[in-house]
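One file, run_5.csv, is given below (CSV, C-alpha atoms).
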```csv
chain,number,residue,atom,x,y,z
A,1302,MET,CA,-35.2,20.2,-11.1
A,1303,GLN,CA,-33.4,17.0,-12.2
A,1304,ASN,CA,-35.2,13.8,-13.0
A,1305,PRO,CA,-34.7,11.4,-10.1
A,1306,GLN,CA,-34.4,8.5,-12.6
A,1307,ILE,CA,-31.3,10.0,-14.2
A,1308,LEU,CA,-29.3,10.8,-11.0
A,1309,PRO,CA,-28.5,7.1,-10.1
A,1310,LEU,CA,-27.4,6.6,-13.7
A,1311,ILE,CA,-24.9,9.4,-13.3
A,1312,THR,CA,-23.6,8.5,-9.8
A,1313,MET,CA,-23.0,4.8,-10.4
A,1314,PRO,CA,-20.5,5.1,-13.2
A,1315,PHE,CA,-18.8,7.9,-11.3
A,1316,LEU,CA,-18.7,5.7,-8.2
A,1317,LEU,CA,-17.2,2.8,-10.1
A,1318,VAL,CA,-14.6,5.0,-11.8
A,1319,SER,CA,-13.7,6.6,-8.4
A,1320,MET,CA,-13.3,3.3,-6.7
A,1321,THR,CA,-11.2,2.0,-9.5
A,1322,LEU,CA,-8.9,5.0,-9.4
A,1323,LEU,CA,-8.7,4.8,-5.6
A,1324,HIS,CA,-7.7,1.2,-5.9
A,1325,LEU,CA,-5.1,1.8,-8.6
A,1326,ILE,CA,-3.6,4.8,-6.6
A,1327,THR,CA,-3.3,2.7,-3.4
A,1328,LEU,CA,-1.8,-0.2,-5.3
A,1329,ALA,CA,0.8,2.1,-6.8
A,1330,MET,CA,1.5,3.7,-3.4
A,1331,LEU,CA,2.0,0.2,-1.9
A,1332,PHE,CA,4.3,-0.8,-4.7
A,1333,ILE,CA,6.4,2.3,-4.3
A,1334,ALA,CA,6.5,2.0,-0.5
A,1335,THR,CA,7.6,-1.7,-0.8
A,1336,THR,CA,10.3,-1.2,-3.5
A,1337,GLU,CA,11.8,2.3,-3.2
A,1338,LYS,CA,14.8,3.2,-1.1
A,1339,SER,CA,13.6,5.6,1.5
A,1340,TRP,CA,12.1,4.0,4.7
A,1341,TRP,CA,14.8,5.6,6.8
A,1342,VAL,CA,17.1,8.5,5.7
A,1343,TRP,CA,20.2,10.2,7.1
A,1344,GLY,CA,20.3,13.6,5.4
A,1345,THR,CA,20.3,13.6,1.6
A,1346,THR,CA,23.2,11.2,1.1
A,1347,GLU,CA,22.2,8.0,2.8
A,1348,SER,CA,19.0,6.0,3.0
A,1349,SER,CA,17.7,2.6,4.0
A,1350,ASP,CA,14.7,0.6,2.8
A,1351,LEU,CA,13.3,-2.9,3.3
A,1352,TRP,CA,15.9,-4.4,1.0
A,1353,TYR,CA,19.1,-2.2,0.7
A,1354,ASN,CA,21.2,0.4,2.5
A,1355,CYS,CA,22.3,3.1,0.0
A,1356,HIS,CA,24.6,6.0,0.1
A,1357,LEU,CA,25.5,8.7,-2.5
A,1358,HIS,CA,29.0,8.3,-3.8
A,1359,ASN,CA,30.7,11.7,-3.7
A,1360,ILE,CA,32.9,11.3,-6.7
A,1361,THR,CA,30.6,9.6,-9.2
A,1362,GLY,CA,27.3,11.0,-7.9
A,1363,SER,CA,25.6,7.7,-8.1
A,1364,TRP,CA,23.9,5.6,-5.4
A,1365,GLN,CA,25.8,2.6,-4.1
A,1366,CYS,CA,23.7,0.1,-2.4
A,1367,ALA,CA,24.4,-3.0,-0.2
A,1368,THR,CA,21.9,-5.6,1.0
A,1369,THR,CA,20.3,-4.6,4.3
A,1370,PRO,CA,21.4,-6.8,7.2
A,1371,GLU,CA,18.8,-9.5,7.9
A,1372,ASN,CA,16.9,-9.8,11.1
A,1373,ASP,CA,13.5,-11.2,12.1
A,1374,TRP,CA,11.7,-7.8,12.4
A,1375,LEU,CA,12.9,-6.7,9.0
A,1376,GLN,CA,11.8,-10.0,7.4
A,1377,ALA,CA,8.4,-9.6,9.0
A,1378,VAL,CA,8.0,-6.1,7.6
A,1379,GLN,CA,9.2,-7.3,4.1
A,1380,VAL,CA,6.7,-10.2,4.1
A,1381,LEU,CA,3.8,-8.1,5.3
A,1382,MET,CA,4.4,-5.3,2.7
A,1383,VAL,CA,4.7,-7.8,-0.1
A,1384,LEU,CA,1.6,-9.7,1.1
A,1385,SER,CA,-0.3,-6.4,1.3
A,1386,SER,CA,0.7,-5.5,-2.3
A,1387,ILE,CA,-0.4,-9.0,-3.5
A,1388,LEU,CA,-3.7,-8.8,-1.6
A,1389,SER,CA,-4.5,-5.4,-3.1
A,1390,PHE,CA,-3.6,-6.6,-6.6
A,1391,VAL,CA,-5.7,-9.8,-6.2
A,1392,SER,CA,-8.5,-7.6,-4.9
A,1393,PHE,CA,-8.3,-5.4,-8.0
A,1394,LEU,CA,-8.4,-8.5,-10.3
A,1395,VAL,CA,-11.4,-9.9,-8.4
A,1396,PHE,CA,-13.2,-6.6,-8.6
A,1397,MET,CA,-12.8,-6.5,-12.3
A,1398,TRP,CA,-13.9,-10.1,-12.6
A,1399,GLN,CA,-16.9,-9.6,-10.3
A,1400,LEU,CA,-17.8,-6.4,-12.2
A,1401,PHE,CA,-18.6,-8.5,-15.3
A,1402,THR,CA,-19.7,-11.8,-13.8
A,1403,ILE,CA,-21.7,-11.3,-10.6
A,1404,PRO,CA,-25.5,-11.0,-10.9
A,1405,ARG,CA,-27.1,-7.5,-10.6
A,1406,GLY,CA,-27.8,-6.5,-7.1
A,1407,ALA,CA,-24.9,-8.5,-5.6
A,1408,LEU,CA,-22.3,-7.0,-3.3
A,1409,PHE,CA,-18.5,-7.0,-3.8
A,1410,TYR,CA,-17.8,-8.8,-0.4
A,1411,PHE,CA,-14.7,-10.7,-1.5
A,1412,THR,CA,-13.1,-7.6,-3.1
A,1413,GLY,CA,-13.7,-5.7,0.1
A,1414,LEU,CA,-12.4,-8.5,2.3
A,1415,CYS,CA,-9.1,-8.6,0.3
A,1416,GLN,CA,-8.7,-4.8,0.6
A,1417,VAL,CA,-9.3,-4.8,4.3
A,1418,LEU,CA,-6.8,-7.7,4.7
A,1419,ALA,CA,-4.3,-5.7,2.6
A,1420,GLY,CA,-4.9,-2.7,4.9
A,1421,LEU,CA,-4.4,-4.7,8.0
A,1422,THR,CA,-1.1,-6.3,6.7
A,1423,ASP,CA,0.1,-2.9,5.7
A,1424,PHE,CA,-0.8,-1.6,9.1
A,1425,ALA,CA,1.1,-4.4,10.8
A,1426,ALA,CA,4.2,-3.8,8.7
A,1427,ALA,CA,4.1,0.0,9.5
A,1428,VAL,CA,3.6,-0.6,13.2
A,1429,ILE,CA,6.5,-3.1,13.4
A,1430,TYR,CA,8.8,-0.7,11.5
A,1431,THR,CA,7.7,2.1,13.8
A,1432,LEU,CA,8.3,0.2,17.0
A,1433,ARG,CA,11.3,-1.8,16.0
A,1434,ASN,CA,13.2,0.5,13.7
A,1435,ARG,CA,16.2,0.5,16.1
A,1436,GLU,CA,16.5,-3.3,15.9
A,1437,ILE,CA,15.9,-3.2,12.1
A,1438,LEU,CA,18.6,-0.6,11.5
A,1439,GLU,CA,21.0,-1.8,14.2
A,1440,GLY,CA,23.7,-3.1,11.7
A,1441,SER,CA,23.4,0.0,9.5
A,1442,ARG,CA,24.6,3.2,10.9
A,1443,SER,CA,23.7,5.6,13.7
A,1444,LEU,CA,20.0,6.0,14.4
A,1445,GLU,CA,20.0,9.7,14.1
A,1446,GLY,CA,18.0,9.8,10.9
A,1447,ASN,CA,14.3,10.3,10.0
A,1448,PHE,CA,11.6,8.2,8.6
A,1449,GLY,CA,11.5,8.5,4.8
A,1450,TYR,CA,8.7,9.1,2.3
A,1451,CYS,CA,8.2,5.3,1.7
A,1452,PHE,CA,7.4,4.9,5.4
A,1453,ILE,CA,4.9,7.7,5.1
A,1454,LEU,CA,3.4,6.2,2.0
A,1455,ALA,CA,2.9,2.9,3.8
A,1456,TRP,CA,1.1,4.7,6.6
A,1457,THR,CA,-1.0,6.7,4.2
A,1458,CYS,CA,-2.1,3.5,2.5
A,1459,VAL,CA,-3.6,2.1,5.7
A,1460,PRO,CA,-6.7,4.2,5.9
A,1461,LEU,CA,-7.1,4.3,2.1
A,1462,LEU,CA,-7.1,0.5,1.9
A,1463,LEU,CA,-9.4,0.1,4.9
A,1464,CYS,CA,-11.9,2.7,3.7
A,1465,SER,CA,-11.9,1.2,0.2
A,1466,GLY,CA,-12.4,-2.2,1.6
A,1467,VAL,CA,-15.5,-1.1,3.5
A,1468,LEU,CA,-16.8,0.8,0.5
A,1469,TYR,CA,-16.4,-2.3,-1.7
A,1470,SER,CA,-18.3,-4.4,0.8
A,1471,HIS,CA,-21.2,-1.9,0.6
A,1472,LEU,CA,-21.0,-1.3,-3.2
A,1473,ARG,CA,-23.9,-3.0,-5.0
A,1474,LYS,CA,-23.9,-3.9,-8.6
A,1475,LYS,CA,-26.6,-1.8,-10.2
A,1476,GLU,CA,-29.9,-3.6,-10.8
```

Could you quickly redo this structure as structure tokens?
Amino acid sequence: MQNPQILPLITMPFLLVSMTLLHLITLAMLFIATTEKSWWVWGTTESSDLWYNCHLHNITGSWQCATTPENDWLQAVQVLMVLSSILSFVSFLVFMWQLFTIPRGALFYFTGLCQVLAGLTDFAAAVIYTLRNREILEGSRSLEGNFGYCFILAWTCVPLLLCSGVLYSHLRKKE
């Protein structure tokens, strides 16, 4: 039988490392979803993201990209995704700062709040793109494509950000 005094010493470092890894993974996923070129795809030769419409040039085999036509819905998604990435990054910095400065027994409320806000802004961006993709892609090409992997990454980040935000708000610095 294990000593009950040792078990909390093992689980707390594991929990801190797990939360840090989850945070870094969601931050990387947000960054990829915001910057990569695959929110909407037409086969394997054309794609559109929040910033550019790209197509594969047949002769050179390279991607040629042009700026995505601006509209209000696209700008809303752009702003919300960038804001979500910034909030998650600020949340990570605040977590690292709080880890070394807050008194023992205190909770990571501000870190959790930033993560929940990052999740909500990511959710809003994904919902807008889901519901308004016809208006967003109107100047591009036919709408007979599919959502790309960056769109899926954005949706995957929503529950991860919200869950980590709730976990941060319940995480207590070990006494």

Is it possible to get the residues within 9 Å of (-4.6, 2.4, 5.7) (coordinates as in the file, counting only C-alpha atoms) written as a VMD selection string? chain A and resid 1417 1419 to 1421 1423 to 1424 1455 to 1464

Can you tell me which residues surround Leu1418 in chain A at a distance of at most 12 Å, considering all atoms listed in the file, apart from same-chain residues fewer than 5 positions away, and format the answer as a PyMOL selection string? chain A and resi 1381-1382+1384-1392+1411-1413+1423-1425+1459-1460+1462-1467

For a quick check of understanding, using only C-alpha atoms, which of A:Ile1360, A:Leu1351, A:Leu1454, A:Leu1468 has the smallest distance to His1324 in chain A?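 Among the listed residues, A:Leu1468 lies closest to His1324 in chain A.
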
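Our summary of the geometry notes that CA of Met1320 in chain A is positioned 11.9 Å from CA of Ser1470 in chain A.
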
What gap, in Å, lies between CA of Ser1339 in chain A and CA of Thr1361 in chain A?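 Going from CA of Ser1339 in chain A over to CA of Thr1361 in chain A, I get 20.5 Å.
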
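The two atoms in question, CA of Phe1393 in chain A and CA of Leu1472 in chain A, are spaced 14.2 Å apart.
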
Of A:Ala1407, A:Met1330, A:Ile1453, A:Val1383, the one nearest to Trp1352 in chain A when counting only C-alpha atoms is A:Val1383

Out of A:Leu1375, A:Cys1355, A:Leu1394, A:Met1313, which residue has the shortest atom-to-atom distance to Leu1325 in chain A when counting all atoms listed in the file? A:Leu1394
